[in-house]
>>> print(open('input_21.cif').read())   # mmCIF, C-alpha atoms
data_coords
loop_
_atom_site.label_atom_id
_atom_site.label_comp_id
_atom_site.auth_asym_id
_atom_site.auth_seq_id
_atom_site.Cartn_x
_atom_site.Cartn_y
_atom_site.Cartn_z
CA MET A 1 0.00 0.00 0.00
CA THR A 2 1.34 3.42 -0.95
CA PHE A 3 1.72 5.94 1.85
CA LEU A 4 -1.38 8.14 1.96
CA PRO A 5 -2.11 10.35 4.98
CA LEU A 6 -5.64 11.01 6.15
CA PRO A 7 -6.89 14.58 5.60
CA VAL A 8 -7.81 16.17 8.92
CA GLU A 9 -9.05 19.51 10.16
CA ILE A 10 -6.98 20.72 13.11
CA ALA A 11 -6.75 23.49 15.66
CA ALA A 12 -4.01 23.92 18.25
CA ALA A 13 -3.08 26.28 21.06
CA SER A 14 -0.48 26.42 23.80
CA ASP A 15 -0.63 28.55 26.92
CA VAL A 16 1.96 29.21 29.62
CA GLY A 17 -0.68 28.88 32.36
CA ARG A 18 -1.00 31.06 35.45
CA VAL A 19 2.04 29.97 37.44
CA ARG A 20 4.98 29.10 35.15
CA SER A 21 7.23 31.85 33.80
CA HIS A 22 7.85 30.18 30.43
CA ASN A 23 6.32 27.54 28.20
CA GLU A 24 8.10 24.18 27.77
CA ASP A 25 5.30 22.56 25.72
CA ALA A 26 5.33 22.17 21.95
CA TYR A 27 3.25 20.51 19.26
CA LEU A 28 3.60 19.42 15.65
CA ALA A 29 1.10 19.16 12.82
CA GLU A 30 2.43 17.81 9.53
CA HIS A 31 -0.48 17.23 7.18
CA ASP A 32 1.61 15.72 4.39
CA LEU A 33 2.70 12.98 6.79
CA GLY A 34 -0.57 12.65 8.68
CA LEU A 35 1.62 13.16 11.75
CA PHE A 36 0.48 15.08 14.83
CA ALA A 37 1.91 15.21 18.36
CA VAL A 38 2.18 17.12 21.64
CA ALA A 39 5.34 17.36 23.75
CA ASP A 40 5.82 18.53 27.34
CA GLY A 41 9.45 19.27 28.17
CA VAL A 42 11.19 18.51 31.46
CA GLY A 43 14.55 19.75 32.66
CA GLY A 44 16.17 22.71 34.36
CA HIS A 45 17.73 25.85 32.87
CA GLY A 46 15.38 25.86 29.86
CA GLY A 47 16.27 22.31 28.92
CA GLY A 48 12.64 21.23 28.83
CA ALA A 49 11.76 23.78 26.18
CA ASP A 50 14.80 22.77 24.13
CA ALA A 51 13.87 19.09 24.42
CA SER A 52 10.25 19.50 23.32
CA GLN A 53 11.16 21.79 20.41
CA LEU A 54 13.90 19.42 19.26
CA ALA A 55 11.53 16.46 19.35
CA VAL A 56 8.74 18.09 17.34
CA SER A 57 11.11 19.60 14.78
CA GLU A 58 13.27 16.52 14.18
CA LEU A 59 10.63 13.78 14.14
CA PRO A 60 8.94 14.85 10.88
CA LYS A 61 12.33 15.43 9.21
CA LEU A 62 13.44 11.91 10.08
CA LEU A 63 10.16 10.35 8.96
CA ARG A 64 10.25 12.18 5.63
CA THR A 65 13.80 10.98 5.02
CA THR A 66 12.84 7.41 5.87
CA LEU A 67 9.75 7.48 3.66
CA SER A 68 11.73 8.92 0.73
CA MET A 69 14.01 5.88 0.94
CA GLN A 70 10.92 3.64 0.69
CA SER A 71 9.27 5.58 -2.14
CA ASN A 72 9.19 2.64 -4.57
CA LYS A 73 7.97 0.09 -2.04
CA ASP A 74 4.44 -0.80 -1.08
CA LEU A 75 4.23 -0.66 2.72
CA SER A 76 1.75 -2.21 5.13
CA ASP A 77 0.44 -0.32 8.13
CA PRO A 78 2.75 -2.28 10.48
CA GLU A 79 5.70 -1.26 8.31
CA PHE A 80 4.66 2.39 8.64
CA GLN A 81 4.59 1.88 12.38
CA ALA A 82 8.08 0.38 12.30
CA LEU A 83 9.40 3.36 10.35
CA LEU A 84 7.91 5.80 12.84
CA ASP A 85 9.22 3.75 15.75
CA GLY A 86 12.69 3.97 14.27
CA ALA A 87 12.38 7.72 13.87
CA LEU A 88 11.33 8.04 17.52
CA ASP A 89 14.42 6.08 18.54
CA VAL A 90 16.66 8.49 16.65
CA VAL A 91 14.88 11.52 18.14
CA ASN A 92 15.41 10.07 21.60
CA ALA A 93 19.13 9.72 20.88
CA GLN A 94 19.31 13.32 19.64
CA VAL A 95 17.61 14.75 22.72
CA TYR A 96 19.70 12.54 25.00
CA ALA A 97 22.92 13.77 23.35
CA ALA A 98 21.79 17.40 23.63
CA GLY A 99 21.09 16.90 27.33
CA ALA A 100 24.45 15.25 27.92
CA ALA A 101 26.14 18.29 26.35
CA MET A 102 24.49 20.74 28.75
CA VAL A 103 26.80 22.52 31.18
CA SER A 104 24.52 21.75 34.13
CA SER A 105 24.13 18.23 35.45
CA ALA A 106 20.32 18.34 35.04
CA ARG A 107 19.00 16.03 32.37
CA MET A 108 16.48 17.24 29.83
CA GLY A 109 13.75 15.35 28.11
CA THR A 110 10.17 15.53 26.96
CA THR A 111 6.95 13.59 26.90
CA LEU A 112 5.62 12.89 23.43
CA THR A 113 2.17 11.68 22.47
CA GLY A 114 0.81 11.63 18.97
CA GLY A 115 0.05 9.54 15.97
CA ILE A 116 0.11 9.03 12.27
CA PHE A 117 -3.31 9.00 10.62
CA LEU A 118 -3.58 6.98 7.40
CA ASN A 119 -6.18 6.97 4.66
CA SER A 120 -6.46 3.23 5.23
CA GLY A 121 -8.65 4.17 8.20
CA ASN A 122 -6.04 3.37 10.81
CA ALA A 123 -4.49 5.65 13.42
CA MET A 124 -1.12 4.62 14.87
CA ILE A 125 -0.93 6.26 18.28
CA PHE A 126 2.34 6.41 20.21
CA ASN A 127 3.09 7.64 23.71
CA VAL A 128 6.11 8.33 25.91
CA GLY A 129 5.46 9.91 29.32
CA ASP A 130 2.17 11.33 30.56
CA SER A 131 0.82 13.57 27.85
CA ARG A 132 -2.36 12.05 26.45
CA THR A 133 -4.28 11.23 23.29
CA TYR A 134 -8.08 10.96 23.55
CA ARG A 135 -10.75 9.98 21.04
CA TYR A 136 -14.33 11.24 21.30
CA ARG A 137 -16.76 9.11 19.32
CA ASN A 138 -20.54 8.79 19.54
CA GLN A 139 -20.67 10.83 22.76
CA THR A 140 -18.08 8.59 24.40
CA LEU A 141 -14.62 9.78 25.45
CA GLU A 142 -11.77 7.26 25.47
CA CYS A 143 -8.20 7.88 26.56
CA ILE A 144 -6.28 5.95 23.92
CA THR A 145 -2.91 6.28 25.65
CA LYS A 146 -1.83 5.14 29.11
CA ASP A 147 0.41 7.35 31.23
CA GLN A 148 3.95 6.11 31.62
CA SER A 149 4.10 7.52 35.14
CA TRP A 150 4.85 6.44 38.69
CA TYR A 151 1.27 7.26 39.69
CA GLN A 152 -0.23 5.11 36.91
CA SER A 153 2.10 2.26 37.85
CA TRP A 154 0.84 2.56 41.44
CA LEU A 155 -2.77 2.37 40.22
CA ASP A 156 -1.99 -0.66 38.08
CA SER A 157 -0.26 -2.50 40.92
CA GLY A 158 -3.23 -2.27 43.25
CA GLN A 159 -2.63 1.06 45.02
CA TYR A 160 -0.46 -0.37 47.80
CA GLY A 161 1.03 2.21 50.13
CA ALA A 162 0.78 5.98 49.82
CA ALA A 163 -0.02 7.47 46.45
CA PRO A 164 3.12 8.73 44.69
CA PRO A 165 3.27 12.15 43.00
CA ARG A 166 1.30 12.33 39.78
CA ASN A 167 3.96 14.19 37.81
CA VAL A 168 6.85 11.68 37.97
CA ILE A 169 7.21 10.01 34.57
CA LEU A 170 8.86 6.63 34.06
CA GLN A 171 10.02 7.40 30.54
CA GLY A 172 10.70 10.50 28.50
CA ILE A 173 12.24 11.24 25.14
CA GLY A 174 15.91 11.98 25.90
CA LEU A 175 15.94 11.06 29.59
CA ASP A 176 17.74 7.76 28.93
CA GLU A 177 19.75 6.29 26.08
CA HIS A 178 16.85 4.08 25.02
CA VAL A 179 13.11 4.56 25.09
CA VAL A 180 10.19 2.18 24.50
CA PRO A 181 7.07 3.98 23.25
CA ASP A 182 3.65 2.52 23.89
CA TRP A 183 1.70 1.84 20.68
CA VAL A 184 -2.00 1.55 19.98
CA VAL A 185 -3.20 0.87 16.44
CA THR A 186 -6.88 1.66 16.14
CA ASP A 187 -9.45 2.75 13.61
CA CYS A 188 -10.22 6.33 12.66
CA GLN A 189 -13.65 7.46 11.52
CA ALA A 190 -14.93 10.62 9.91
CA ASN A 191 -17.05 11.57 12.91
CA ASP A 192 -14.23 11.25 15.46
CA LEU A 193 -12.82 14.15 17.43
CA TRP A 194 -9.26 13.53 18.61
CA LEU A 195 -7.54 15.43 21.39
CA MET A 196 -3.82 15.43 22.18
CA CYS A 197 -2.78 17.40 25.24
CA SER A 198 -0.13 17.97 27.88
CA ASP A 199 -0.87 17.19 31.51
CA GLY A 200 -1.49 20.86 32.14
CA LEU A 201 -4.92 20.10 30.70
CA SER A 202 -5.56 16.50 31.78
CA ASP A 203 -4.52 17.12 35.40
CA LYS A 204 -7.02 19.98 35.71
CA ILE A 205 -10.04 18.68 33.79
CA THR A 206 -11.61 15.34 34.68
CA ASP A 207 -12.52 12.96 31.89
CA ALA A 208 -16.20 13.51 32.73
CA LYS A 209 -15.86 17.29 32.38
CA LEU A 210 -13.78 16.89 29.24
CA ALA A 211 -16.48 14.71 27.67
CA GLU A 212 -19.07 17.33 28.59
CA LEU A 213 -17.08 20.11 26.89
CA LEU A 214 -16.52 18.03 23.76
CA ASP A 215 -20.21 17.11 23.64
CA GLU A 216 -21.15 20.80 23.85
CA HIS A 217 -18.80 21.49 20.95
CA GLN A 218 -20.35 18.73 18.85
CA SER A 219 -23.86 19.96 19.65
CA ASP A 220 -23.04 23.58 18.84
CA ASN A 221 -20.85 22.70 15.86
CA SER A 222 -18.53 25.47 17.01
CA PRO A 223 -15.10 26.02 15.40
CA LEU A 224 -12.24 23.87 16.65
CA ASN A 225 -10.18 26.91 17.63
CA SER A 226 -13.04 28.03 19.86
CA LEU A 227 -12.95 24.64 21.61
CA CYS A 228 -9.17 24.99 22.08
CA ALA A 229 -9.69 28.34 23.80
CA THR A 230 -12.44 26.92 26.01
CA LEU A 231 -10.34 23.97 27.15
CA ILE A 232 -7.38 26.19 28.02
CA ALA A 233 -9.63 28.65 29.87
CA VAL A 234 -11.19 25.86 31.97
CA ALA A 235 -7.74 24.48 32.86
CA ASN A 236 -6.55 27.95 33.84
CA ASP A 237 -9.67 28.54 35.92
CA ALA A 238 -8.86 25.30 37.75
CA GLY A 239 -5.44 26.63 38.75
CA GLY A 240 -3.36 26.78 35.61
CA ASP A 241 -0.26 25.65 37.48
CA ASP A 242 1.39 24.12 34.41
CA ASN A 243 1.76 24.86 30.72
CA ILE A 244 -1.35 23.83 28.75
CA THR A 245 -1.24 22.57 25.17
CA VAL A 246 -4.20 21.36 23.14
CA LEU A 247 -4.23 19.83 19.65
CA LEU A 248 -7.64 18.93 18.20
CA LEU A 249 -8.18 16.84 15.08
CA LYS A 250 -11.28 16.02 13.05
CA PRO A 251 -10.72 13.42 10.31
CA GLN A 252 -12.19 14.30 6.94
CA PRO A 253 -14.25 11.74 5.00
CA LEU A 254 -12.12 8.86 3.77
CA GLU A 255 -11.51 8.54 0.06
CA ALA A 256 -13.36 5.76 -1.68
#
>>> encode(input="input_21.cif", output="structure tokens")
Amino acid sequence: MTFLPLPVEIAAASDVGRVRSHNEDAYLAEHDLGLFAVADGVGGHGGGADASQLAVSELPKLLRTTLSMQSNKDLSDPEFQALLDGALDVVNAQVYAAGAAMVSSARMGTTLTGGIFLNSGNAMIFNVGDSRTYRYRNQTLECITKDQSWYQSWLDSGQYGAAPPRNVILQGIGLDEHVVPDWVVTDCQANDLWLMCSDGLSDKITDAKLAELLDEHQSDNSPLNSLCATLIAVANDAGGDDNITVLLLKPQPLEA
């Protein structure tokens, strides 16, 4: 199968929040690749911002280069996934090397959640860290990704002992020499509304409230950028103690 991205309508916004002095979030939207992602940087002395920007700028470059080398080959969806997985591995190495070269001893890294949306009707969702990808379909909200965090690990293990901090991630792009992204390959329909966000949003808005806001948007048929603004405003009203980044996607009708 020849590479063919799925056309999508998008809107995105990033806000520093009400507490932080600078924004370490970033996002990417590359329509020609069907590639979309949100990154939330971690690290002192501005390293988090450098890490997230490096990840979102280098990932599409690497994927384009890889795809150009496969231009005469028919690829299956799993082969697309393998190509993207390889690109993520290289991005991790780049961010890790940049962190190692910092004068300070603080490491830098970034969460990264996103996916590649194909005209085959499949969405290949990847995740490192605790940023999230949601899908809203038929008035039902589903978190497609699972946080790679200490808190989520505690929940999964039966909640023994005191709850750990929610913001400690177990993996991040660039924090270690190797990274293992989580993958979910799922279907993508024309009536879906996809949301990728940093934890500045998901930590402040419950899934129930998020579903309510998305349902209101669907009922009103309001513009996506208006929904972005609403989500950021609600997160800020709830404290806004972290950077907030929102990327919304509506798939367009699939080609016959």
>>> resolve_selection(input="input_21.cif", expression="the PyMOL selection byres ((chain A and resi 113-122) around 6)", output="ChimeraX atom specification")
/A:4-6,34-38,112,123-127,131,186-188
>>> atom_distance(input="input_21.cif", atom1="atom CA of A:Arg132", atom2="atom CA of A:Ile169")
12.7 Å
>>> resolve_selection(input="input_21.cif", expression="the PyMOL selection byres ((chain A and resi 91) around 8)", output="compact mmCIF listing (two decimals) with C-alpha atoms, in the coordinates of the input")
# COMPACT_ATOMS: atom_id res chain seq x y z
CA ALA A 55 11.53 16.46 19.35
CA GLU A 58 13.27 16.52 14.18
CA LEU A 59 10.63 13.78 14.14
CA ALA A 87 12.38 7.72 13.87
CA LEU A 88 11.33 8.04 17.52
CA ASP A 89 14.42 6.08 18.54
CA VAL A 90 16.66 8.49 16.65
CA ASN A 92 15.41 10.07 21.60
CA ALA A 93 19.13 9.72 20.88
CA GLN A 94 19.31 13.32 19.64
CA VAL A 95 17.61 14.75 22.72
CA ILE A 173 12.24 11.24 25.14
CA GLY A 174 15.91 11.98 25.90
>>> atom_distance(input="input_21.cif", atom1="atom CA of A:Asn138", atom2="atom CA of A:Ala190")
11.3 Å
>>> closest_atom_pairs(input="input_21.cif", of="stretch 178-211 of chain A", to="stretch 217-229 of chain A", cutoff="10 Å", atoms="all atoms listed in the file", output="Markdown table")
| residue | atom | partner | partner_atom | distance |
| --- | --- | --- | --- | --- |
| A:Asn191 | CA | A:Gln218 | CA | 9.9 |
| A:Leu193 | CA | A:Gln218 | CA | 8.9 |
| A:Leu195 | CA | A:Cys228 | CA | 9.7 |
| A:Ala211 | CA | A:His217 | CA | 9.8 |
>>> resolve_selection(input="input_21.cif", expression="the PyMOL selection byres ((chain A and resi 198-203) around 7)", output="VMD selection string")
chain A and resid 38 to 40 130 to 132 197 204 to 206 235 242 to 245
>>> closest_residue(input="input_21.cif", among="A:Ser76, A:Gln148, A:Asn236, A:Ser68", to="A:Val19", atoms="all atoms listed in the file")
A:Asn236
>>> atom_distance(input="input_21.cif", atom1="atom CA of A:Leu83", atom2="atom CA of A:Leu67")
7.9 Å
>>> closest_residue(input="input_21.cif", among="A:Leu28, A:Leu249, A:Ala82, A:Leu213", to="A:Gln53", atoms="all atoms listed in the file")
A:Leu28
>>> closest_residue(input="input_21.cif", among="A:Leu248, A:Met69, A:Leu170, A:Ile232", to="A:Gln152", atoms="all atoms listed in the file")
A:Leu170
>>> closest_residue(input="input_21.cif", among="A:Trp154, A:Ala51, A:Arg137, A:Ala26", to="A:Ala97", atoms="only C-alpha atoms")
A:Ala51
>>> closest_residue(input="input_21.cif", among="A:Ala208, A:Pro181, A:Glu24, A:Ala29", to="A:Ala12", atoms="only C-alpha atoms")
A:Ala29
>>> decode(input="input_21.cif", residues="stretch 87-187 of chain A", atoms="C-alpha atoms", output="PDB file, in the first residue's frame")
ATOM      1  CA  ALA A  87      12.378   7.718  13.874  1.00  0.00           C
ATOM      2  CA  LEU A  88      11.332   8.035  17.515  1.00  0.00           C
ATOM      3  CA  ASP A  89      14.417   6.082  18.539  1.00  0.00           C
ATOM      4  CA  VAL A  90      16.661   8.490  16.650  1.00  0.00           C
ATOM      5  CA  VAL A  91      14.877  11.523  18.139  1.00  0.00           C
ATOM      6  CA  ASN A  92      15.411  10.066  21.596  1.00  0.00           C
ATOM      7  CA  ALA A  93      19.133   9.719  20.879  1.00  0.00           C
ATOM      8  CA  GLN A  94      19.311  13.318  19.643  1.00  0.00           C
ATOM      9  CA  VAL A  95      17.612  14.752  22.715  1.00  0.00           C
ATOM     10  CA  TYR A  96      19.703  12.541  24.999  1.00  0.00           C
ATOM     11  CA  ALA A  97      22.916  13.765  23.353  1.00  0.00           C
ATOM     12  CA  ALA A  98      21.792  17.397  23.632  1.00  0.00           C
ATOM     13  CA  GLY A  99      21.087  16.898  27.331  1.00  0.00           C
ATOM     14  CA  ALA A 100      24.453  15.253  27.920  1.00  0.00           C
ATOM     15  CA  ALA A 101      26.142  18.286  26.353  1.00  0.00           C
ATOM     16  CA  MET A 102      24.485  20.735  28.752  1.00  0.00           C
ATOM     17  CA  VAL A 103      26.799  22.521  31.177  1.00  0.00           C
ATOM     18  CA  SER A 104      24.522  21.749  34.126  1.00  0.00           C
ATOM     19  CA  SER A 105      24.130  18.226  35.449  1.00  0.00           C
ATOM     20  CA  ALA A 106      20.325  18.343  35.045  1.00  0.00           C
ATOM     21  CA  ARG A 107      18.999  16.030  32.370  1.00  0.00           C
ATOM     22  CA  MET A 108      16.484  17.236  29.833  1.00  0.00           C
ATOM     23  CA  GLY A 109      13.753  15.354  28.112  1.00  0.00           C
ATOM     24  CA  THR A 110      10.172  15.532  26.965  1.00  0.00           C
ATOM     25  CA  THR A 111       6.951  13.587  26.901  1.00  0.00           C
ATOM     26  CA  LEU A 112       5.622  12.893  23.432  1.00  0.00           C
ATOM     27  CA  THR A 113       2.169  11.683  22.470  1.00  0.00           C
ATOM     28  CA  GLY A 114       0.813  11.627  18.968  1.00  0.00           C
ATOM     29  CA  GLY A 115       0.046   9.537  15.967  1.00  0.00           C
ATOM     30  CA  ILE A 116       0.109   9.031  12.267  1.00  0.00           C
ATOM     31  CA  PHE A 117      -3.314   8.996  10.616  1.00  0.00           C
ATOM     32  CA  LEU A 118      -3.584   6.983   7.405  1.00  0.00           C
ATOM     33  CA  ASN A 119      -6.180   6.967   4.660  1.00  0.00           C
ATOM     34  CA  SER A 120      -6.459   3.226   5.232  1.00  0.00           C
ATOM     35  CA  GLY A 121      -8.649   4.167   8.200  1.00  0.00           C
ATOM     36  CA  ASN A 122      -6.036   3.365  10.813  1.00  0.00           C
ATOM     37  CA  ALA A 123      -4.489   5.650  13.418  1.00  0.00           C
ATOM     38  CA  MET A 124      -1.121   4.619  14.870  1.00  0.00           C
ATOM     39  CA  ILE A 125      -0.927   6.258  18.278  1.00  0.00           C
ATOM     40  CA  PHE A 126       2.339   6.414  20.209  1.00  0.00           C
ATOM     41  CA  ASN A 127       3.086   7.644  23.708  1.00  0.00           C
ATOM     42  CA  VAL A 128       6.112   8.325  25.909  1.00  0.00           C
ATOM     43  CA  GLY A 129       5.460   9.914  29.318  1.00  0.00           C
ATOM     44  CA  ASP A 130       2.175  11.329  30.561  1.00  0.00           C
ATOM     45  CA  SER A 131       0.815  13.571  27.845  1.00  0.00           C
ATOM     46  CA  ARG A 132      -2.362  12.046  26.448  1.00  0.00           C
ATOM     47  CA  THR A 133      -4.283  11.231  23.289  1.00  0.00           C
ATOM     48  CA  TYR A 134      -8.075  10.962  23.554  1.00  0.00           C
ATOM     49  CA  ARG A 135     -10.754   9.981  21.037  1.00  0.00           C
ATOM     50  CA  TYR A 136     -14.332  11.242  21.301  1.00  0.00           C
ATOM     51  CA  ARG A 137     -16.761   9.106  19.315  1.00  0.00           C
ATOM     52  CA  ASN A 138     -20.541   8.788  19.544  1.00  0.00           C
ATOM     53  CA  GLN A 139     -20.666  10.833  22.758  1.00  0.00           C
ATOM     54  CA  THR A 140     -18.075   8.591  24.404  1.00  0.00           C
ATOM     55  CA  LEU A 141     -14.624   9.776  25.454  1.00  0.00           C
ATOM     56  CA  GLU A 142     -11.775   7.262  25.472  1.00  0.00           C
ATOM     57  CA  CYS A 143      -8.200   7.880  26.562  1.00  0.00           C
ATOM     58  CA  ILE A 144      -6.275   5.950  23.921  1.00  0.00           C
ATOM     59  CA  THR A 145      -2.908   6.277  25.650  1.00  0.00           C
ATOM     60  CA  LYS A 146      -1.831   5.141  29.106  1.00  0.00           C
ATOM     61  CA  ASP A 147       0.409   7.355  31.227  1.00  0.00           C
ATOM     62  CA  GLN A 148       3.951   6.114  31.623  1.00  0.00           C
ATOM     63  CA  SER A 149       4.097   7.515  35.141  1.00  0.00           C
ATOM     64  CA  TRP A 150       4.851   6.436  38.692  1.00  0.00           C
ATOM     65  CA  TYR A 151       1.273   7.256  39.691  1.00  0.00           C
ATOM     66  CA  GLN A 152      -0.228   5.114  36.907  1.00  0.00           C
ATOM     67  CA  SER A 153       2.102   2.260  37.853  1.00  0.00           C
ATOM     68  CA  TRP A 154       0.840   2.559  41.443  1.00  0.00           C
ATOM     69  CA  LEU A 155      -2.772   2.366  40.224  1.00  0.00           C
ATOM     70  CA  ASP A 156      -1.992  -0.662  38.076  1.00  0.00           C
ATOM     71  CA  SER A 157      -0.255  -2.502  40.921  1.00  0.00           C
ATOM     72  CA  GLY A 158      -3.234  -2.268  43.255  1.00  0.00           C
ATOM     73  CA  GLN A 159      -2.629   1.059  45.019  1.00  0.00           C
ATOM     74  CA  TYR A 160      -0.463  -0.374  47.798  1.00  0.00           C
ATOM     75  CA  GLY A 161       1.030   2.214  50.125  1.00  0.00           C
ATOM     76  CA  ALA A 162       0.777   5.981  49.823  1.00  0.00           C
ATOM     77  CA  ALA A 163      -0.019   7.470  46.449  1.00  0.00           C
ATOM     78  CA  PRO A 164       3.123   8.730  44.688  1.00  0.00           C
ATOM     79  CA  PRO A 165       3.274  12.153  42.999  1.00  0.00           C
ATOM     80  CA  ARG A 166       1.298  12.326  39.783  1.00  0.00           C
ATOM     81  CA  ASN A 167       3.959  14.192  37.814  1.00  0.00           C
ATOM     82  CA  VAL A 168       6.846  11.682  37.969  1.00  0.00           C
ATOM     83  CA  ILE A 169       7.215  10.009  34.574  1.00  0.00           C
ATOM     84  CA  LEU A 170       8.855   6.634  34.062  1.00  0.00           C
ATOM     85  CA  GLN A 171      10.018   7.400  30.536  1.00  0.00           C
ATOM     86  CA  GLY A 172      10.698  10.501  28.496  1.00  0.00           C
ATOM     87  CA  ILE A 173      12.243  11.245  25.142  1.00  0.00           C
ATOM     88  CA  GLY A 174      15.908  11.977  25.899  1.00  0.00           C
ATOM     89  CA  LEU A 175      15.944  11.059  29.590  1.00  0.00           C
ATOM     90  CA  ASP A 176      17.745   7.756  28.931  1.00  0.00           C
ATOM     91  CA  GLU A 177      19.748   6.289  26.078  1.00  0.00           C
ATOM     92  CA  HIS A 178      16.847   4.084  25.020  1.00  0.00           C
ATOM     93  CA  VAL A 179      13.111   4.559  25.088  1.00  0.00           C
ATOM     94  CA  VAL A 180      10.194   2.177  24.504  1.00  0.00           C
ATOM     95  CA  PRO A 181       7.071   3.982  23.246  1.00  0.00           C
ATOM     96  CA  ASP A 182       3.654   2.515  23.886  1.00  0.00           C
ATOM     97  CA  TRP A 183       1.695   1.844  20.683  1.00  0.00           C
ATOM     98  CA  VAL A 184      -2.004   1.553  19.977  1.00  0.00           C
ATOM     99  CA  VAL A 185      -3.202   0.870  16.435  1.00  0.00           C
ATOM    100  CA  THR A 186      -6.880   1.658  16.138  1.00  0.00           C
ATOM    101  CA  ASP A 187      -9.448   2.753  13.613  1.00  0.00           C
TER     102      ASP A 187
END
